[in-house]
$ cat run07.pdb   # PDB, N, CA and C atoms
ATOM      1  N   MET O  11      -9.051  65.971   3.577
ATOM      2  CA  MET O  11      -9.884  67.158   3.528
ATOM      3  C   MET O  11     -10.115  67.662   4.942
ATOM      4  N   SER O  12     -10.050  68.930   5.105
ATOM      5  CA  SER O  12     -10.331  69.550   6.390
ATOM      6  C   SER O  12     -11.727  70.181   6.340
ATOM      7  N   ILE O  13     -12.512  69.942   7.365
ATOM      8  CA  ILE O  13     -13.869  70.498   7.424
ATOM      9  C   ILE O  13     -13.768  71.994   7.701
ATOM     10  N   SER O  14     -14.418  72.781   6.855
ATOM     11  CA  SER O  14     -14.380  74.240   6.982
ATOM     12  C   SER O  14     -15.682  74.757   7.601
ATOM     13  N   ASN O  15     -15.656  76.014   7.987
ATOM     14  CA  ASN O  15     -16.874  76.657   8.482
ATOM     15  C   ASN O  15     -17.944  76.692   7.395
ATOM     16  N   ALA O  16     -17.520  76.787   6.126
ATOM     17  CA  ALA O  16     -18.469  76.774   5.004
ATOM     18  C   ALA O  16     -19.153  75.404   4.899
ATOM     19  N   ASP O  17     -18.413  74.328   5.139
ATOM     20  CA  ASP O  17     -18.997  72.981   5.124
ATOM     21  C   ASP O  17     -20.064  72.858   6.221
ATOM     22  N   ILE O  18     -19.729  73.358   7.393
ATOM     23  CA  ILE O  18     -20.668  73.294   8.520
ATOM     24  C   ILE O  18     -21.914  74.123   8.225
ATOM     25  N   ALA O  19     -21.722  75.312   7.677
ATOM     26  CA  ALA O  19     -22.859  76.169   7.326
ATOM     27  C   ALA O  19     -23.740  75.504   6.272
ATOM     28  N   PHE O  20     -23.119  74.835   5.290
ATOM     29  CA  PHE O  20     -23.878  74.163   4.243
ATOM     30  C   PHE O  20     -24.794  73.089   4.826
ATOM     31  N   VAL O  21     -24.260  72.205   5.671
ATOM     32  CA  VAL O  21     -25.090  71.115   6.203
ATOM     33  C   VAL O  21     -26.134  71.628   7.193
ATOM     34  N   THR O  22     -25.807  72.640   7.951
ATOM     35  CA  THR O  22     -26.813  73.153   8.890
ATOM     36  C   THR O  22     -27.939  73.857   8.134
ATOM     37  N   ASP O  23     -27.629  74.501   7.019
ATOM     38  CA  ASP O  23     -28.683  75.095   6.181
ATOM     39  C   ASP O  23     -29.490  74.003   5.483
ATOM     40  N   LEU O  24     -28.798  73.013   4.918
ATOM     41  CA  LEU O  24     -29.458  71.939   4.183
ATOM     42  C   LEU O  24     -30.416  71.154   5.076
ATOM     43  N   PHE O  25     -30.014  70.882   6.318
ATOM     44  CA  PHE O  25     -30.810  70.068   7.220
ATOM     45  C   PHE O  25     -31.549  70.892   8.284
ATOM     46  N   ALA O  26     -31.747  72.167   8.048
ATOM     47  CA  ALA O  26     -32.367  73.056   9.040
ATOM     48  C   ALA O  26     -33.746  72.568   9.488
ATOM     49  N   GLY O  27     -34.468  71.894   8.628
ATOM     50  CA  GLY O  27     -35.813  71.437   8.963
ATOM     51  C   GLY O  27     -35.874  70.164   9.786
ATOM     52  N   VAL O  28     -34.735  69.589  10.114
ATOM     53  CA  VAL O  28     -34.713  68.302  10.819
ATOM     54  C   VAL O  28     -34.906  68.458  12.323
ATOM     55  N   GLY O  29     -34.322  69.462  12.913
ATOM     56  CA  GLY O  29     -34.399  69.652  14.361
ATOM     57  C   GLY O  29     -33.284  70.577  14.796
ATOM     58  N   THR O  30     -33.018  70.610  16.077
ATOM     59  CA  THR O  30     -31.929  71.422  16.602
ATOM     60  C   THR O  30     -30.618  70.715  16.276
ATOM     61  N   LEU O  31     -29.834  71.318  15.378
ATOM     62  CA  LEU O  31     -28.622  70.679  14.887
ATOM     63  C   LEU O  31     -27.386  71.112  15.658
ATOM     64  N   THR O  32     -26.509  70.149  15.862
ATOM     65  CA  THR O  32     -25.172  70.417  16.388
ATOM     66  C   THR O  32     -24.206  69.583  15.548
ATOM     67  N   THR O  33     -22.952  69.991  15.564
ATOM     68  CA  THR O  33     -21.936  69.263  14.815
ATOM     69  C   THR O  33     -20.703  69.074  15.685
ATOM     70  N   ARG O  34     -19.907  68.086  15.285
ATOM     71  CA  ARG O  34     -18.663  67.831  16.010
ATOM     72  C   ARG O  34     -17.632  67.281  15.023
ATOM     73  N   LYS O  35     -16.506  67.953  14.953
ATOM     74  CA  LYS O  35     -15.434  67.482  14.095
ATOM     75  C   LYS O  35     -14.807  66.250  14.726
ATOM     76  N   MET O  36     -14.586  65.220  13.887
ATOM     77  CA  MET O  36     -13.957  64.000  14.386
ATOM     78  C   MET O  36     -13.394  63.190  13.227
ATOM     79  N   PHE O  37     -12.232  62.597  13.435
ATOM     80  CA  PHE O  37     -11.586  61.709  12.473
ATOM     81  C   PHE O  37     -11.464  62.327  11.082
ATOM     82  N   GLY O  38     -11.198  63.607  11.007
ATOM     83  CA  GLY O  38     -11.045  64.285   9.724
ATOM     84  C   GLY O  38     -12.364  64.606   9.051
ATOM     85  N   GLY O  39     -13.468  64.327   9.708
ATOM     86  CA  GLY O  39     -14.786  64.586   9.149
ATOM     87  C   GLY O  39     -15.644  65.364  10.125
ATOM     88  N   LEU O  40     -16.948  65.229   9.976
ATOM     89  CA  LEU O  40     -17.884  65.980  10.800
ATOM     90  C   LEU O  40     -19.086  65.104  11.127
ATOM     91  N   ALA O  41     -19.408  64.968  12.405
ATOM     92  CA  ALA O  41     -20.623  64.282  12.838
ATOM     93  C   ALA O  41     -21.738  65.317  12.926
ATOM     94  N   ILE O  42     -22.932  64.951  12.471
ATOM     95  CA  ILE O  42     -24.077  65.859  12.453
ATOM     96  C   ILE O  42     -25.183  65.250  13.300
ATOM     97  N   TYR O  43     -25.648  66.008  14.277
ATOM     98  CA  TYR O  43     -26.641  65.544  15.237
ATOM     99  C   TYR O  43     -27.901  66.396  15.145
ATOM    100  N   ALA O  44     -29.056  65.777  15.375
ATOM    101  CA  ALA O  44     -30.322  66.491  15.559
ATOM    102  C   ALA O  44     -30.823  66.097  16.936
ATOM    103  N   ASP O  45     -31.069  67.086  17.765
ATOM    104  CA  ASP O  45     -31.547  66.830  19.127
ATOM    105  C   ASP O  45     -30.690  65.785  19.840
ATOM    106  N   GLY O  46     -29.377  65.838  19.616
ATOM    107  CA  GLY O  46     -28.424  64.971  20.286
ATOM    108  C   GLY O  46     -28.236  63.602  19.674
ATOM    109  N   VAL O  47     -28.916  63.298  18.572
ATOM    110  CA  VAL O  47     -28.830  61.990  17.916
ATOM    111  C   VAL O  47     -28.047  62.138  16.611
ATOM    112  N   ILE O  48     -26.976  61.341  16.456
ATOM    113  CA  ILE O  48     -26.222  61.392  15.214
ATOM    114  C   ILE O  48     -27.048  60.750  14.105
ATOM    115  N   PHE O  49     -27.198  61.466  12.996
ATOM    116  CA  PHE O  49     -27.951  60.937  11.867
ATOM    117  C   PHE O  49     -27.199  61.086  10.551
ATOM    118  N   ALA O  50     -26.111  61.850  10.558
ATOM    119  CA  ALA O  50     -25.363  62.074   9.321
ATOM    120  C   ALA O  50     -23.920  62.412   9.649
ATOM    121  N   LEU O  51     -23.100  62.368   8.608
ATOM    122  CA  LEU O  51     -21.708  62.781   8.763
ATOM    123  C   LEU O  51     -21.150  63.226   7.418
ATOM    124  N   ILE O  52     -20.085  63.957   7.494
ATOM    125  CA  ILE O  52     -19.261  64.230   6.325
ATOM    126  C   ILE O  52     -17.988  63.451   6.585
ATOM    127  N   ASP O  53     -17.651  62.547   5.648
ATOM    128  CA  ASP O  53     -16.451  61.742   5.879
ATOM    129  C   ASP O  53     -15.200  62.524   5.484
ATOM    130  N   SER O  54     -14.058  61.916   5.659
ATOM    131  CA  SER O  54     -12.790  62.618   5.426
ATOM    132  C   SER O  54     -12.552  62.962   3.966
ATOM    133  N   THR O  55     -13.346  62.391   3.045
ATOM    134  CA  THR O  55     -13.232  62.752   1.624
ATOM    135  C   THR O  55     -14.186  63.864   1.242
ATOM    136  N   GLY O  56     -15.081  64.241   2.163
ATOM    137  CA  GLY O  56     -16.048  65.297   1.902
ATOM    138  C   GLY O  56     -17.429  64.795   1.519
ATOM    139  N   ALA O  57     -17.629  63.471   1.505
ATOM    140  CA  ALA O  57     -18.937  62.914   1.159
ATOM    141  C   ALA O  57     -19.923  63.106   2.310
ATOM    142  N   LEU O  58     -21.122  63.567   1.985
ATOM    143  CA  LEU O  58     -22.194  63.745   2.964
ATOM    144  C   LEU O  58     -22.985  62.443   3.026
ATOM    145  N   MET O  59     -23.077  61.874   4.230
ATOM    146  CA  MET O  59     -23.674  60.544   4.387
ATOM    147  C   MET O  59     -24.726  60.536   5.488
ATOM    148  N   LEU O  60     -25.755  59.696   5.269
ATOM    149  CA  LEU O  60     -26.809  59.499   6.257
ATOM    150  C   LEU O  60     -26.653  58.137   6.910
ATOM    151  N   LYS O  61     -26.962  58.061   8.179
ATOM    152  CA  LYS O  61     -26.932  56.793   8.899
ATOM    153  C   LYS O  61     -28.229  56.052   8.564
ATOM    154  N   ALA O  62     -28.093  54.804   8.068
ATOM    155  CA  ALA O  62     -29.286  54.065   7.660
ATOM    156  C   ALA O  62     -29.039  52.568   7.715
ATOM    157  N   LYS O  63     -30.124  51.848   7.954
ATOM    158  CA  LYS O  63     -30.096  50.386   7.920
ATOM    159  C   LYS O  63     -31.447  49.913   7.397
ATOM    160  N   GLY O  64     -31.529  48.630   7.103
ATOM    161  CA  GLY O  64     -32.793  48.034   6.679
ATOM    162  C   GLY O  64     -33.391  48.682   5.446
ATOM    163  N   ALA O  65     -34.694  48.922   5.517
ATOM    164  CA  ALA O  65     -35.438  49.453   4.371
ATOM    165  C   ALA O  65     -34.909  50.813   3.916
ATOM    166  N   LEU O  66     -34.516  51.653   4.863
ATOM    167  CA  LEU O  66     -33.998  52.970   4.482
ATOM    168  C   LEU O  66     -32.696  52.827   3.707
ATOM    169  N   ALA O  67     -31.823  51.940   4.147
ATOM    170  CA  ALA O  67     -30.581  51.695   3.421
ATOM    171  C   ALA O  67     -30.870  51.163   2.022
ATOM    172  N   GLU O  68     -31.847  50.279   1.910
ATOM    173  CA  GLU O  68     -32.226  49.735   0.606
ATOM    174  C   GLU O  68     -32.749  50.832  -0.318
ATOM    175  N   GLU O  69     -33.541  51.749   0.214
ATOM    176  CA  GLU O  69     -34.063  52.864  -0.590
ATOM    177  C   GLU O  69     -32.932  53.780  -1.040
ATOM    178  N   LEU O  70     -31.998  54.054  -0.149
ATOM    179  CA  LEU O  70     -30.851  54.885  -0.527
ATOM    180  C   LEU O  70     -30.036  54.205  -1.627
ATOM    181  N   ALA O  71     -29.815  52.904  -1.494
ATOM    182  CA  ALA O  71     -29.074  52.160  -2.516
ATOM    183  C   ALA O  71     -29.807  52.227  -3.855
ATOM    184  N   ALA O  72     -31.135  52.122  -3.836
ATOM    185  CA  ALA O  72     -31.929  52.193  -5.063
ATOM    186  C   ALA O  72     -31.823  53.573  -5.722
ATOM    187  N   GLU O  73     -31.534  54.598  -4.919
ATOM    188  CA  GLU O  73     -31.363  55.958  -5.447
ATOM    189  C   GLU O  73     -29.934  56.198  -5.944
ATOM    190  N   GLY O  74     -29.091  55.183  -5.829
ATOM    191  CA  GLY O  74     -27.712  55.312  -6.300
ATOM    192  C   GLY O  74     -26.717  55.690  -5.220
ATOM    193  N   SER O  75     -27.161  55.729  -3.978
ATOM    194  CA  SER O  75     -26.263  56.056  -2.867
ATOM    195  C   SER O  75     -25.239  54.944  -2.677
ATOM    196  N   GLN O  76     -24.077  55.325  -2.191
ATOM    197  CA  GLN O  76     -23.003  54.373  -1.949
ATOM    198  C   GLN O  76     -22.799  54.202  -0.446
ATOM    199  N   GLN O  77     -22.574  52.965  -0.027
ATOM    200  CA  GLN O  77     -22.332  52.689   1.387
ATOM    201  C   GLN O  77     -20.878  53.005   1.729
ATOM    202  N   PHE O  78     -20.668  53.519   2.936
ATOM    203  CA  PHE O  78     -19.329  53.811   3.414
ATOM    204  C   PHE O  78     -18.640  52.504   3.771
ATOM    205  N   ILE O  79     -17.503  52.261   3.165
ATOM    206  CA  ILE O  79     -16.695  51.078   3.446
ATOM    207  C   ILE O  79     -15.400  51.551   4.100
ATOM    208  N   HIS O  80     -15.193  51.120   5.331
ATOM    209  CA  HIS O  80     -13.970  51.498   6.047
ATOM    210  C   HIS O  80     -12.848  50.565   5.615
ATOM    211  N   GLU O  81     -11.773  51.165   5.133
ATOM    212  CA  GLU O  81     -10.594  50.406   4.722
ATOM    213  C   GLU O  81      -9.647  50.345   5.911
ATOM    214  N   GLY O  82      -9.525  49.178   6.499
ATOM    215  CA  GLY O  82      -8.652  48.997   7.649
ATOM    216  C   GLY O  82      -7.243  48.636   7.234
ATOM    217  N   LYS O  83      -6.462  48.249   8.201
ATOM    218  CA  LYS O  83      -5.080  47.836   7.924
ATOM    219  C   LYS O  83      -5.076  46.551   7.108
ATOM    220  N   GLY O  84      -4.127  46.457   6.215
ATOM    221  CA  GLY O  84      -4.044  45.268   5.375
ATOM    222  C   GLY O  84      -5.212  45.227   4.412
ATOM    223  N   ALA O  85      -5.843  44.101   4.332
ATOM    224  CA  ALA O  85      -6.958  43.929   3.403
ATOM    225  C   ALA O  85      -8.310  43.961   4.102
ATOM    226  N   THR O  86      -8.365  44.410   5.352
ATOM    227  CA  THR O  86      -9.634  44.413   6.074
ATOM    228  C   THR O  86     -10.522  45.554   5.603
ATOM    229  N   ARG O  87     -11.780  45.224   5.430
ATOM    230  CA  ARG O  87     -12.789  46.202   5.018
ATOM    231  C   ARG O  87     -14.033  45.969   5.864
ATOM    232  N   ALA O  88     -14.685  47.039   6.245
ATOM    233  CA  ALA O  88     -15.906  46.912   7.037
ATOM    234  C   ALA O  88     -16.972  47.851   6.479
ATOM    235  N   ALA O  89     -18.140  47.292   6.173
ATOM    236  CA  ALA O  89     -19.270  48.101   5.714
ATOM    237  C   ALA O  89     -19.864  48.816   6.927
ATOM    238  N   MET O  90     -19.968  50.117   6.820
ATOM    239  CA  MET O  90     -20.499  50.930   7.907
ATOM    240  C   MET O  90     -21.940  51.331   7.577
ATOM    241  N   PRO O  91     -22.769  51.660   8.582
ATOM    242  CA  PRO O  91     -24.181  51.967   8.319
ATOM    243  C   PRO O  91     -24.409  53.414   7.851
ATOM    244  N   TYR O  92     -23.583  53.883   6.945
ATOM    245  CA  TYR O  92     -23.710  55.233   6.405
ATOM    246  C   TYR O  92     -23.760  55.171   4.890
ATOM    247  N   TRP O  93     -24.663  55.946   4.307
ATOM    248  CA  TRP O  93     -24.901  55.967   2.867
ATOM    249  C   TRP O  93     -24.859  57.407   2.372
ATOM    250  N   THR O  94     -24.285  57.617   1.192
ATOM    251  CA  THR O  94     -24.237  58.967   0.644
ATOM    252  C   THR O  94     -25.650  59.505   0.427
ATOM    253  N   LEU O  95     -25.795  60.795   0.654
ATOM    254  CA  LEU O  95     -27.063  61.460   0.383
ATOM    255  C   LEU O  95     -27.284  61.419  -1.126
ATOM    256  N   PRO O  96     -28.486  61.040  -1.601
ATOM    257  CA  PRO O  96     -28.722  61.019  -3.046
ATOM    258  C   PRO O  96     -28.390  62.364  -3.695
ATOM    259  N   CYS O  97     -27.812  62.303  -4.868
ATOM    260  CA  CYS O  97     -27.380  63.514  -5.580
ATOM    261  C   CYS O  97     -28.504  64.534  -5.719
ATOM    262  N   ALA O  98     -29.723  64.069  -6.004
ATOM    263  CA  ALA O  98     -30.856  64.973  -6.195
ATOM    264  C   ALA O  98     -31.151  65.800  -4.947
ATOM    265  N   ALA O  99     -30.781  65.283  -3.775
ATOM    266  CA  ALA O  99     -31.072  65.974  -2.515
ATOM    267  C   ALA O  99     -30.010  66.998  -2.136
ATOM    268  N   MET O 100     -28.871  66.966  -2.783
ATOM    269  CA  MET O 100     -27.784  67.880  -2.409
ATOM    270  C   MET O 100     -28.143  69.353  -2.631
ATOM    271  N   ASP O 101     -28.959  69.630  -3.619
ATOM    272  CA  ASP O 101     -29.360  71.010  -3.916
ATOM    273  C   ASP O 101     -30.832  71.258  -3.625
ATOM    274  N   GLU O 102     -31.446  70.340  -2.932
ATOM    275  CA  GLU O 102     -32.874  70.401  -2.668
ATOM    276  C   GLU O 102     -33.134  70.204  -1.180
ATOM    277  N   PRO O 103     -33.101  71.301  -0.388
ATOM    278  CA  PRO O 103     -33.239  71.162   1.068
ATOM    279  C   PRO O 103     -34.464  70.381   1.523
ATOM    280  N   GLU O 104     -35.583  70.534   0.839
ATOM    281  CA  GLU O 104     -36.790  69.815   1.252
ATOM    282  C   GLU O 104     -36.596  68.299   1.109
ATOM    283  N   LEU O 105     -36.017  67.886   0.000
ATOM    284  CA  LEU O 105     -35.736  66.472  -0.224
ATOM    285  C   LEU O 105     -34.656  65.979   0.745
ATOM    286  N   ALA O 106     -33.621  66.778   0.944
ATOM    287  CA  ALA O 106     -32.549  66.419   1.882
ATOM    288  C   ALA O 106     -33.108  66.244   3.289
ATOM    289  N   CYS O 107     -33.983  67.146   3.701
ATOM    290  CA  CYS O 107     -34.574  67.059   5.040
ATOM    291  C   CYS O 107     -35.471  65.837   5.172
ATOM    292  N   ASP O 108     -36.162  65.459   4.095
ATOM    293  CA  ASP O 108     -36.988  64.252   4.136
ATOM    294  C   ASP O 108     -36.119  63.027   4.407
ATOM    295  N   TRP O 109     -35.028  62.877   3.646
ATOM    296  CA  TRP O 109     -34.107  61.756   3.882
ATOM    297  C   TRP O 109     -33.513  61.829   5.293
ATOM    298  N   ALA O 110     -33.083  63.014   5.693
ATOM    299  CA  ALA O 110     -32.446  63.187   7.001
ATOM    300  C   ALA O 110     -33.421  62.900   8.139
ATOM    301  N   GLN O 111     -34.659  63.344   7.997
ATOM    302  CA  GLN O 111     -35.668  63.097   9.036
ATOM    303  C   GLN O 111     -35.907  61.602   9.200
ATOM    304  N   ARG O 112     -35.924  60.879   8.095
ATOM    305  CA  ARG O 112     -36.107  59.433   8.151
ATOM    306  C   ARG O 112     -34.927  58.764   8.854
ATOM    307  N   SER O 113     -33.729  59.242   8.581
ATOM    308  CA  SER O 113     -32.541  58.728   9.258
ATOM    309  C   SER O 113     -32.613  59.036  10.751
ATOM    310  N   PHE O 114     -32.955  60.268  11.077
ATOM    311  CA  PHE O 114     -33.063  60.680  12.481
ATOM    312  C   PHE O 114     -34.068  59.802  13.221
ATOM    313  N   LEU O 115     -35.253  59.601  12.638
ATOM    314  CA  LEU O 115     -36.291  58.803  13.297
ATOM    315  C   LEU O 115     -35.847  57.357  13.481
ATOM    316  N   GLN O 116     -35.119  56.827  12.511
ATOM    317  CA  GLN O 116     -34.631  55.454  12.614
ATOM    318  C   GLN O 116     -33.599  55.303  13.729
ATOM    319  N   ASN O 117     -32.841  56.354  13.991
ATOM    320  CA  ASN O 117     -31.729  56.265  14.929
ATOM    321  C   ASN O 117     -32.029  56.875  16.300
ATOM    322  N   SER O 118     -33.199  57.442  16.484
ATOM    323  CA  SER O 118     -33.494  58.050  17.788
ATOM    324  C   SER O 118     -34.259  57.111  18.681
TER     325      SER O 118
END
$ encode --input "run07.pdb" --output "structure tokens"
Amino acid sequence: MSISNADIAFVTDLFAGVGTLTTRKMFGGLAIYADGVIFALIDSTGALMLKAKGALAEELAAEGSQQFIHEGKGATRAAMPYWTLPCAAMDEPELACDWAQRSFLQNS
């Protein structure tokens, strides 16, 4: 999947309440920053993910979020600290910003 201007516009609108947003295309996806801190990404499949660990990761998992698993060469797999944004938040900017703000605060 190639990241489009529409994808960038969608995430900047969805997370507008988080802070001053910037984005950077990388590895077939998009890194999303608030005030210079990466807190989310769109992976190469188009999944919108938040950076999370500990209690926040557990809460995301309880909401049905899936953890990003990097498939390496051969049979190597690595769990990465990124979780899909809960489905309910995809169309709900206020809820999306709440999750994103928590990710931002955890990572800043």
$ closest_residue --input "run07.pdb" --among "O:Phe114, O:Trp109, O:Trp93, O:Phe20" --to "Ala57 in chain O" --atoms "only C-alpha atoms"
O:Trp93
$ atom_distance --input "run07.pdb" --atom1 "CA of Val47 in chain O" --atom2 "CA of Leu115 in chain O"
9.3 Å
$ residues_near_point --input "run07.pdb" --point "(-25.1, 57.2, 1.6)" --cutoff "5 Å" --atoms "all atoms listed in the file" --output "ChimeraX atom specification"
/O:59-60,75-76,92-95
$ select_by_dssp --input "run07.pdb" --residues "chain O" --states "strand (DSSP E)" --output "JSON, numbers by chain"
{"O": [31, 32, 33, 34, 35, 36, 39, 40, 41, 42, 43, 44, 47, 48, 49, 50, 51, 52, 58, 59, 60, 61, 77, 78, 79, 80, 81, 87, 88, 89, 90, 91, 92, 93, 94]}
$ atom_distance --input "run07.pdb" --atom1 "CA of Met90 in chain O" --atom2 "CA of Lys63 in chain O"
9.6 Å
